[in-house]
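**Student:** Here it is, the structure, as structure tokens.
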Amino acid sequence: MSSDFEAYEQDFGTLTAEITNKIGRIPKLGGEEKTQLVLNVDKQLEEVRELMEQMDLEVRELPIQNRGMYQSRLKSYKGEMEKLEKDFKRSRIAYSDEVRNELLGEDAGSSESQRAHLLDNTEKLERSSRRLDAGYQIAVETEQVGQEILANLHTDREKIQRSRDRLRETDANLGKSSRILTGMLRRIIQNRVLVFVLGAIILITIILAIYFNVRGH
């Protein structure tokens, strides 16, 4: 697993080196050539983002005891990625002295002011974007916690329902057992009464037999 992460690291290093070189060239270009290079860098940055997602997945699948070192390295790469994106945004609105003079001539000073204003707005947008990302992340985590709580509640509800079913079944069995015991007790009482009656009849018969026998003599 760590070998896959290291392979991604090598790809990350190669791509970021190429992007850094191209970002340095963007302000020196103009027109269609600059547009094409900007599109190329934008595509490579997207590849780097996908690469970092793969690295993040690899780190999540590592054993906990090995995860800390790779998380630190991944955090460093994320910081490098943020710096590249910031440099790229600045390079798109930046011009070298030669290109600026060629495009604006005497208005170069005014362009500098506009560029500074654009950079300031860009940084504000970046800060807002980071706040939105943080808010979105909190919302996702809250939703995950809510889903886990609902899953636990559903599991508890099923356990309670099974317990109720077992109680109903136990009550039914107890009722059946009670009826059986009552029937057995009734038959025992009936048998005892019958034995008592038969004993009384036999005793009376013996007494009568003795009486008539004595009287006959």
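Numbering starts fresh at 1 for the residues of each chain in the structure tokens, the chains themselves are lettered A, B, ... in the order given, and ligands are numbered from 1 as they appear.
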If we count only C-alpha atoms and set the cut-off at 12 Å, which residues sit around region 125-138 of chain A, ignoring sequence neighbours fewer than 5 positions away in its own chain? Please answer as an MDAnalysis selection string.
**Tutor:** chainID A and resid 82:83 85:86 89:90 118:120 143:145
**Student:** Do a neighbour search on Glu46 (chain A) at 12 Å with only C-alpha atoms, toss out local chain neighbours closer than 4 positions, and write the hits as a list in words.
**Tutor:**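 My reading of the contact set: Phe12, Leu15, Thr16, Ile19, Leu39, Asn40, Val41, Asp42, Glu50, Leu51, Met52, Glu53, Met81, Leu84 and Glu85 of chain A.
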**Student:** For the selection just defined, write its residues with N, CA, C and O atoms to a file, as a short mmCIF file (atom, residue, chain, number, x, y, z; two decimals), in the first residue's frame.
**Tutor:**
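Okay, part-v5.cif is ready:
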```cif
data_model
loop_
_atom_site.label_atom_id
_atom_site.label_comp_id
_atom_site.auth_asym_id
_atom_site.auth_seq_id
_atom_site.Cartn_x
_atom_site.Cartn_y
_atom_site.Cartn_z
N PHE A 12 3.36 13.22 -8.50
CA PHE A 12 3.08 14.56 -7.98
C PHE A 12 4.28 15.48 -8.19
O PHE A 12 4.13 16.63 -8.64
N LEU A 15 4.66 16.36 -11.99
CA LEU A 15 3.63 17.28 -12.46
C LEU A 15 3.82 18.69 -11.89
O LEU A 15 3.71 19.68 -12.63
N THR A 16 4.08 18.78 -10.61
CA THR A 16 4.22 20.12 -10.00
C THR A 16 5.45 20.86 -10.53
O THR A 16 5.43 22.08 -10.67
N ILE A 19 4.34 22.19 -13.86
CA ILE A 19 3.41 23.31 -13.68
C ILE A 19 4.14 24.56 -13.23
O ILE A 19 3.86 25.67 -13.71
N LEU A 39 -4.62 27.06 -20.41
CA LEU A 39 -5.49 25.89 -20.47
C LEU A 39 -4.73 24.62 -20.14
O LEU A 39 -5.24 23.72 -19.45
N ASN A 40 -3.49 24.54 -20.63
CA ASN A 40 -2.66 23.36 -20.36
C ASN A 40 -2.35 23.23 -18.87
O ASN A 40 -2.43 22.14 -18.29
N VAL A 41 -2.00 24.35 -18.24
CA VAL A 41 -1.69 24.33 -16.81
C VAL A 41 -2.95 23.98 -16.00
O VAL A 41 -2.89 23.21 -15.02
N ASP A 42 -4.07 24.54 -16.41
CA ASP A 42 -5.33 24.26 -15.71
C ASP A 42 -5.64 22.76 -15.76
O ASP A 42 -6.08 22.17 -14.76
N GLU A 50 -6.71 15.19 -8.76
CA GLU A 50 -7.13 13.78 -8.78
C GLU A 50 -6.06 12.90 -8.15
O GLU A 50 -6.39 11.94 -7.43
N LEU A 51 -4.80 13.23 -8.39
CA LEU A 51 -3.70 12.48 -7.81
C LEU A 51 -3.72 12.57 -6.29
O LEU A 51 -3.52 11.57 -5.58
N MET A 52 -3.99 13.75 -5.77
CA MET A 52 -4.04 13.94 -4.32
C MET A 52 -5.24 13.21 -3.71
O MET A 52 -5.16 12.71 -2.58
N GLU A 53 -6.34 13.13 -4.45
CA GLU A 53 -7.48 12.35 -3.97
C GLU A 53 -7.11 10.88 -3.83
O GLU A 53 -7.49 10.22 -2.85
N MET A 81 0.14 22.46 -3.19
CA MET A 81 -0.88 22.58 -4.22
C MET A 81 -1.59 23.93 -4.11
O MET A 81 -1.86 24.59 -5.13
N LEU A 84 0.61 26.57 -5.57
CA LEU A 84 0.62 26.52 -7.03
C LEU A 84 -0.64 27.17 -7.61
O LEU A 84 -0.56 27.92 -8.59
N GLU A 85 -1.79 26.88 -7.01
CA GLU A 85 -3.04 27.45 -7.52
C GLU A 85 -3.04 28.97 -7.38
O GLU A 85 -3.51 29.69 -8.26
#
```
**Student:** Which of these residues is nearest to Glu9 (chain A), using only C-alpha atoms: A:Leu62, A:Met69, A:Leu74, A:Ile189?
**Tutor:**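 Using only C-alpha atoms, the shortest distance to Glu9 (chain A) belongs to A:Leu74.
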**Student:** Restricting the calculation to only C-alpha atoms: of A:Ser177, A:Gln44, A:Thr122, A:Gln71, which residue gets closest to Ala17 (chain A)?
**Tutor:**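 For Ala17 (chain A), the nearest of the given residues is A:Gln44.
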**Student:** As a list in words, please: the residues near region 54-57 of chain A (cut-off 12 Å, only C-alpha atoms, same-chain neighbours under 3 positions excluded).
**Tutor:**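 In the requested form, the answer reads Met1, Ser2, Ser3, Asp4, Phe5, Glu6, Ala7, Tyr8, Glu9, Gln10, Asp11, Phe12, Glu47, Val48, Arg49, Glu50, Leu51, Arg60, Glu61, Leu62, Arg67, Tyr70, Gln71, Ser72, Arg73, Leu74, Lys75, Tyr77 and Lys78 of chain A.
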